Each structure stands twice: as structure tokens, then as C-alpha cells.
Amino acid sequence: MAQSRWTRARAAQWALDQPWWVGCNFTPSTACNQLEMWQSETFDPETIARELGWAAHIGMNTVRVFLHDLVWQADADGFKARIETFLQLAEAVGIRTMFVLFDDCWFPPVAGPQPEPVPGVHNSRWAQSPGHHVVSDRAQWPRLQQYVCDIIDTFGRDERVCVWDLYNEPGNAILPLASRPAYQAVPQALIKVVRHSVLPSPTIPLLRATFEWARLVNPVQPITVGVWAPIPRLNRLQTACSDVISFHHYQSAKSLRSRIKALKEAHGRPVICTEWMARPVGSRVETHLPVFQEQEVGCYCWGLVSGRTQTIHRWTDRPGSEAPKIWHHDLLRADGSAFDDREIELMQRLTAGHDTLARSSDAGT
């Protein structure tokens, strides 16, 4: 029997049993996107182990990691074996994982060898999952259901997994693709597919279905989908179906504090920020991490090690842009040294011995 959404009491008890989650959105520096991370030919456990070790050293106890349906479609058993390897490597350094199953961001996916990143461009090869053309094609949804159910059924009682984030930024195709810096690097046939998609409307039925599919499997971990944009119809669905409330935030610390307060008061559930830190717009370790600690809100900054995602560059950087003096995302260089030693020292100090997530009286029955 499919389970229903967790009660507030169950969500509150879950939060009491967790540490204060501090982590990052993790892609190894040798991968330009989820496909390159997980496909057998480019799966890189040596780099993953090294960089997860660095994450643990600087005070992180969790990572948020994007999966991809095309890797599962090509070789479900092999994909799950690689997920198992990842979880073993993470557990070895005391890190638990939040997995993301779908993602509407950036570019249409193509399985196989991935093109080289466009120099100077932020996330120039990041791949949508399943892709906007699939979101709109219900004939392909049975495959997506099998993917969701198989992954969650396999790892849905695994203590190394802390949360299921079902869908990253659903509907994130509102801005025309031509406005994005890496537009010129995408095949025109794929651009046409995205340009003619009508979003976010097709995303909402798939998002609703994905919640239903996940409930069929009855994971012991909470499920969530993060609020990321002021789209009321979408936000109502996300928050009404999530066991714990998650959100993205790339604004000031004052705005962050206000956002946390509003989410706690509106929903009475534990709150987790699954994306933050963009230094040029004022979202920084020194300004935001103390707020997350004070409010007992788990948090995942974007990026760990500067690499093939090129997320040290700003969202608006054009092809050929030089490495910025102030990085947009990421904390460490490829050799493990810090972009800013003060950030790492603060993170280590604030995470030392802090073992609670959200103990707010707002998370009541």
C-alpha cells in the first residue's frame, strides 16, 4: 500500500534524530554533468573518494547528488552498482547522501561521451533529466516510473541515504534558451525541442506523478522537492506533497532569514536549503552559514571542487571568459586547497560538535 505524506509529528521526530546537515551539491571535478559522473566509461571512484574526503575534512556530513534516468535506462544494474560504490565511499568518511532523480535545468541530455565544456561558461554541459521533450511525452512516462521506483526501492531503506529530492527546479525553462551563454554550443535540433516546449505546465503533471511513484515504494527517508521560484501553482504542489520543506536561495542573508521564517511558519515542518552560495550576489559562507546554524536549517552550498562544471564562473559569463577573481560557486581548487581559507576555517568551526537539524517548536503535530 502506498504511504501518505508524513505527518508533521513524524517529520519533526525525523529532524530530531538527524545531525545539523551541512554539505554541498557534489559533482566530482572530473565530470561536466550527471551523465559523465555516472556512465560506466567515465565513472571515477578515485576522484570521488578523494573529494568526499576533502568534504568531510572541512566539516561536511552530507552531499546532494544528481542521478540521471538515461544512465539507468542504458544499464540499470550497472548504474545501481555504481551508486552502491558511491555510497560506500561516502559512508567511509561519515557522509550521507541526498539523491536527486529529475532535473529541468540547462540542456537536453544525450547519452554517451559528453562534449568538452565551453571555456568560461557556467555549467555549459549540465543535462536535463529526463529532458523537456520527455516531460511533455506521456508515452515515455512508464519508463520514468520504472526508473523512480527501481532506484528508490533499491535504496529506500538504506541509512546511507538521508533524503530523496525528487525533482530539481521543476519548470526551469521559463527564460528563453537563447539568453543563456552556452546557447551557441548546443545542437540546433535540440534547441528547437526546448524552444517549443510549453513550460512549466507539462512539468506539473510529471511532478505530481513522481510524488505518487515515490510513495508507492514507501521509502523510510523523507521526500521533498525544493521551492526555487515564485510560481504559485508549482510551489503549492511542492510544499503540499513534501515531507520536509526544501528551498533554494541565492540572495542576501537578510532575505535568507526572512525566507526561513516564512517557510517554518507556513508549513510547520523541518526546513532544508538544498542550494545556496553565489558570492557575487552576496550569498557567502561568512554571511549565510551562521544563519543556517542559528536557525538549525540544513544547508547544501553549490559545488565543492572547481572542475569541469566550471561553476566558479557566473551564470552570465560568456564563452572565453577568464577565471573570475571572486568565484561564483565552489570551495576548493583541484589540489584540495581552499579558494578562501577563511571560509573553510569558519565552516570547520561552526560544524564542530553541532549535531542537530531542526528542533523548532514550529515543527509540531
# chains A, B, ... in the order shown; residues from 1 in each chain; ligands from 1
>>> select_by_dssp(residues="segment 33-205 of chain A", states="helix (DSSP H, G or I)", output="PyMOL selection string")
chain A and resi 34-38+45-57+69-74+76-92+132-135+138-155+177-179+181-185+188-195+203-205
>>> residues_around(residues="Trp213 of chain A", least_positions_apart="2", cutoff="8 Å", atoms="only C-alpha atoms", output="list in words")
Gln145, Val148, Cys149, Ala209, Thr210, Phe211, Arg215, Leu216 and Val217 of chain A
>>> write_last_selection(atoms="C-alpha atoms", output="compact mmCIF listing (two decimals), in the first residue's frame")
# COMPACT_ATOMS: atom_id res chain seq x y z
CA GLN A 145 8.08 5.42 -13.32
CA VAL A 148 11.94 6.20 -9.97
CA CYS A 149 10.54 3.07 -8.36
CA ALA A 209 3.16 11.67 -10.76
CA THR A 210 6.70 11.46 -9.42
CA PHE A 211 5.48 12.08 -5.89
CA ARG A 215 5.01 6.96 -2.33
CA LEU A 216 4.32 3.57 -3.90
CA VAL A 217 7.77 2.39 -2.81
>>> closest_residue(among="A:Thr7, A:Gln310, A:Gln221, A:Gln293", to="Gly268 of chain A", atoms="only C-alpha atoms")
A:Thr7
>>> residues_around(residues="Ser252 of chain A", least_positions_apart="6", cutoff="9 Å", atoms="only C-alpha atoms", output="ChimeraX atom specification")
/A:281-284,287-288
>>> atom_distance(atom1="atom CA of Pro324 of chain A", atom2="atom CA of Gly120 of chain A")
9.3 Å
>>> residues_around(residues="segment 229-244 of chain A", least_positions_apart="6", cutoff="9 Å", atoms="only C-alpha atoms", output="mmCIF file with C-alpha atoms, in the first residue's frame")
data_model
loop_
_atom_site.group_PDB
_atom_site.id
_atom_site.type_symbol
_atom_site.label_atom_id
_atom_site.label_comp_id
_atom_site.auth_asym_id
_atom_site.auth_seq_id
_atom_site.Cartn_x
_atom_site.Cartn_y
_atom_site.Cartn_z
ATOM 1 C CA ARG A 5 2.630 12.257 3.201
ATOM 2 C CA TRP A 6 4.366 12.244 6.561
ATOM 3 C CA THR A 7 2.530 13.919 9.418
ATOM 4 C CA ARG A 8 4.132 16.974 10.967
ATOM 5 C CA ARG A 10 6.727 12.251 12.048
ATOM 6 C CA ALA A 11 8.703 14.923 10.181
ATOM 7 C CA ALA A 12 9.563 16.649 13.457
ATOM 8 C CA ALA A 15 14.515 16.040 12.317
ATOM 9 C CA GLU A 169 13.867 23.138 -10.123
ATOM 10 C CA PRO A 170 10.835 21.779 -11.983
ATOM 11 C CA GLY A 171 9.759 24.129 -14.750
ATOM 12 C CA ASN A 172 13.126 25.868 -15.023
ATOM 13 C CA PRO A 200 6.087 24.935 -16.678
ATOM 14 C CA THR A 203 6.134 19.729 -15.631
ATOM 15 C CA ILE A 204 3.353 19.894 -13.062
ATOM 16 C CA LEU A 207 5.970 16.273 -10.751
ATOM 17 C CA ARG A 208 2.670 15.131 -9.258
ATOM 18 C CA PHE A 211 5.476 12.081 -5.893
ATOM 19 C CA PRO A 222 11.578 11.782 3.677
ATOM 20 C CA ILE A 223 10.872 13.021 0.168
ATOM 21 C CA HIS A 267 4.287 24.719 6.915
ATOM 22 C CA ARG A 269 7.887 21.243 9.113
ATOM 23 C CA PRO A 270 11.672 20.877 9.103
ATOM 24 C CA VAL A 271 13.326 23.137 6.533
ATOM 25 C CA ILE A 272 16.436 22.414 4.429
#
>>> closest_residue(among="A:Gln39, A:Gln13, A:Trp126, A:Gln348", to="Ala74 of chain A", atoms="only C-alpha atoms")
A:Gln39
>>> select_by_dssp(residues="segment 22-189 of chain A", states="strand (DSSP E)", output="count of residues only")
25
>>> atom_distance(atom1="atom CA of Pro290 of chain A", atom2="atom CA of Lys325 of chain A")
24.3 Å
>>> residues_around(residues="Gly59 of chain A", least_positions_apart="3", cutoff="8 Å", atoms="only C-alpha atoms", output="NGL selection string")
:A and (22 or 55-56 or 347-348 or 351-352)
>>> residues_around(residues="Thr30 of chain A", least_positions_apart="6", cutoff="8 Å", atoms="only C-alpha atoms", output="MDAnalysis selection string")
chainID A and resid 37 44 47 307:308
>>> write_last_selection(atoms="N, CA and C atoms", output="PDB file, in the first residue's frame")
ATOM      1  N   MET A  37      29.373  11.846 -14.807  1.00  0.00           N
ATOM      2  CA  MET A  37      29.643  11.326 -13.473  1.00  0.00           C
ATOM      3  C   MET A  37      29.299   9.848 -13.369  1.00  0.00           C
ATOM      4  N   ASP A  44      34.347   7.738 -11.903  1.00  0.00           N
ATOM      5  CA  ASP A  44      35.710   7.980 -11.403  1.00  0.00           C
ATOM      6  C   ASP A  44      35.754   7.832  -9.880  1.00  0.00           C
ATOM      7  N   THR A  47      38.627   9.784  -7.857  1.00  0.00           N
ATOM      8  CA  THR A  47      38.399  11.211  -7.612  1.00  0.00           C
ATOM      9  C   THR A  47      37.270  11.416  -6.625  1.00  0.00           C
ATOM     10  N   GLY A 307      35.987  22.384 -11.228  1.00  0.00           N
ATOM     11  CA  GLY A 307      36.312  21.380 -12.237  1.00  0.00           C
ATOM     12  C   GLY A 307      35.538  21.593 -13.515  1.00  0.00           C
ATOM     13  N   ARG A 308      35.110  20.494 -14.123  1.00  0.00           N
ATOM     14  CA  ARG A 308      34.545  20.545 -15.466  1.00  0.00           C
ATOM     15  C   ARG A 308      33.141  21.164 -15.534  1.00  0.00           C
TER      16      ARG A 308
END
>>> residues_around(residues="segment 108-110 of chain A", least_positions_apart="5", cutoff="6 Å", atoms="only C-alpha atoms", output="list in words")
Ala127, Gln128 and Gly131 of chain A
>>> closest_residue(among="A:Asp153, A:Glu51, A:Glu294, A:Glu286", to="Lys80 of chain A", atoms="only C-alpha atoms")
A:Asp153
>>> atom_distance(atom1="atom CA of Gln34 of chain A", atom2="atom CA of Leu67 of chain A")
6.2 Å
>>> decode(residues="segment 69-109 of chain A", atoms="N, CA and C atoms", output="tab-separated table (two decimals), in the first residue's frame")
chain	number	residue	atom	x	y	z
A	69	ASP	N	18.20	9.54	-15.51
A	69	ASP	CA	17.38	8.43	-15.99
A	69	ASP	C	18.00	7.71	-17.19
A	70	LEU	N	18.78	8.40	-18.03
A	70	LEU	CA	19.36	7.75	-19.20
A	70	LEU	C	20.45	6.75	-18.81
A	71	VAL	N	21.14	7.00	-17.71
A	71	VAL	CA	22.13	6.03	-17.24
A	71	VAL	C	21.42	4.77	-16.77
A	72	TRP	N	20.32	4.95	-16.06
A	72	TRP	CA	19.52	3.80	-15.63
A	72	TRP	C	18.96	3.04	-16.83
A	73	GLN	N	18.46	3.77	-17.82
A	73	GLN	CA	17.87	3.13	-19.00
A	73	GLN	C	18.92	2.28	-19.74
A	74	ALA	N	20.13	2.76	-19.82
A	74	ALA	CA	21.17	2.05	-20.55
A	74	ALA	C	21.63	0.79	-19.82
A	75	ASP	N	21.67	0.85	-18.47
A	75	ASP	CA	22.21	-0.28	-17.70
A	75	ASP	C	21.81	-0.12	-16.25
A	76	ALA	N	20.59	-0.52	-15.92
A	76	ALA	CA	20.06	-0.30	-14.57
A	76	ALA	C	20.92	-0.96	-13.51
A	77	ASP	N	21.31	-2.20	-13.73
A	77	ASP	CA	22.10	-2.91	-12.72
A	77	ASP	C	23.47	-2.29	-12.54
A	78	GLY	N	24.10	-1.92	-13.65
A	78	GLY	CA	25.41	-1.28	-13.55
A	78	GLY	C	25.32	0.07	-12.86
A	79	PHE	N	24.28	0.84	-13.16
A	79	PHE	CA	24.09	2.13	-12.53
A	79	PHE	C	23.92	1.96	-11.03
A	80	LYS	N	23.08	1.02	-10.62
A	80	LYS	CA	22.86	0.81	-9.19
A	80	LYS	C	24.13	0.32	-8.50
A	81	ALA	N	24.95	-0.44	-9.19
A	81	ALA	CA	26.22	-0.88	-8.62
A	81	ALA	C	27.14	0.32	-8.41
A	82	ARG	N	27.12	1.27	-9.33
A	82	ARG	CA	27.96	2.46	-9.17
A	82	ARG	C	27.42	3.35	-8.04
A	83	ILE	N	26.09	3.43	-7.90
A	83	ILE	CA	25.52	4.15	-6.76
A	83	ILE	C	25.96	3.50	-5.45
A	84	GLU	N	25.95	2.18	-5.41
A	84	GLU	CA	26.42	1.47	-4.22
A	84	GLU	C	27.87	1.81	-3.92
A	85	THR	N	28.71	1.84	-4.94
A	85	THR	CA	30.11	2.22	-4.75
A	85	THR	C	30.20	3.63	-4.17
A	86	PHE	N	29.42	4.55	-4.73
A	86	PHE	CA	29.43	5.92	-4.22
A	86	PHE	C	29.04	5.96	-2.76
A	87	LEU	N	27.97	5.26	-2.40
A	87	LEU	CA	27.51	5.26	-1.01
A	87	LEU	C	28.55	4.67	-0.08
A	88	GLN	N	29.26	3.65	-0.51
A	88	GLN	CA	30.32	3.08	0.31
A	88	GLN	C	31.43	4.10	0.54
A	89	LEU	N	31.81	4.82	-0.52
A	89	LEU	CA	32.87	5.83	-0.41
A	89	LEU	C	32.44	6.97	0.51
A	90	ALA	N	31.17	7.38	0.40
A	90	ALA	CA	30.67	8.45	1.26
A	90	ALA	C	30.59	8.01	2.71
A	91	GLU	N	30.07	6.81	2.93
A	91	GLU	CA	29.95	6.30	4.30
A	91	GLU	C	31.32	6.19	4.96
A	92	ALA	N	32.34	5.85	4.19
A	92	ALA	CA	33.68	5.67	4.75
A	92	ALA	C	34.22	6.95	5.39
A	93	VAL	N	33.70	8.12	4.96
A	93	VAL	CA	34.17	9.38	5.53
A	93	VAL	C	33.05	10.08	6.32
A	94	GLY	N	32.00	9.34	6.67
A	94	GLY	CA	30.96	9.89	7.52
A	94	GLY	C	29.97	10.81	6.82
A	95	ILE	N	29.76	10.59	5.52
A	95	ILE	CA	28.87	11.45	4.75
A	95	ILE	C	27.66	10.66	4.29
A	96	ARG	N	26.48	11.25	4.46
A	96	ARG	CA	25.24	10.66	3.95
A	96	ARG	C	24.76	11.47	2.74
A	97	THR	N	23.91	10.84	1.93
A	97	THR	CA	23.62	11.38	0.61
A	97	THR	C	22.15	11.68	0.41
A	98	MET	N	21.86	12.84	-0.18
A	98	MET	CA	20.56	13.19	-0.70
A	98	MET	C	20.63	13.02	-2.22
A	99	PHE	N	19.81	12.13	-2.78
A	99	PHE	CA	19.81	11.92	-4.22
A	99	PHE	C	18.69	12.73	-4.88
A	100	VAL	N	19.00	13.25	-6.07
A	100	VAL	CA	18.05	13.98	-6.90
A	100	VAL	C	17.76	13.12	-8.13
A	101	LEU	N	16.47	12.87	-8.42
A	101	LEU	CA	16.14	11.97	-9.52
A	101	LEU	C	15.91	12.67	-10.86
A	102	PHE	N	15.24	13.81	-10.86
A	102	PHE	CA	14.97	14.54	-12.09
A	102	PHE	C	15.48	15.97	-11.96
A	103	ASP	N	15.66	16.64	-13.11
A	103	ASP	CA	16.19	18.00	-13.12
A	103	ASP	C	15.78	18.67	-14.43
A	104	ASP	N	15.16	19.83	-14.34
A	104	ASP	CA	14.75	20.57	-15.54
A	104	ASP	C	15.80	21.55	-16.04
A	105	CYS	N	16.95	21.64	-15.37
A	105	CYS	CA	17.90	22.72	-15.66
A	105	CYS	C	18.81	22.44	-16.86
A	106	TRP	N	19.08	23.50	-17.55
A	106	TRP	CA	20.09	23.62	-18.60
A	106	TRP	C	19.74	22.89	-19.88
A	107	PHE	N	20.45	21.85	-20.29
A	107	PHE	CA	20.38	21.43	-21.69
A	107	PHE	C	19.83	20.01	-21.89
A	108	PRO	N	19.24	19.76	-23.06
A	108	PRO	CA	18.71	18.42	-23.36
A	108	PRO	C	19.81	17.37	-23.26
A	109	PRO	N	19.50	16.21	-22.69
A	109	PRO	CA	20.52	15.18	-22.47
A	109	PRO	C	20.74	14.31	-23.70
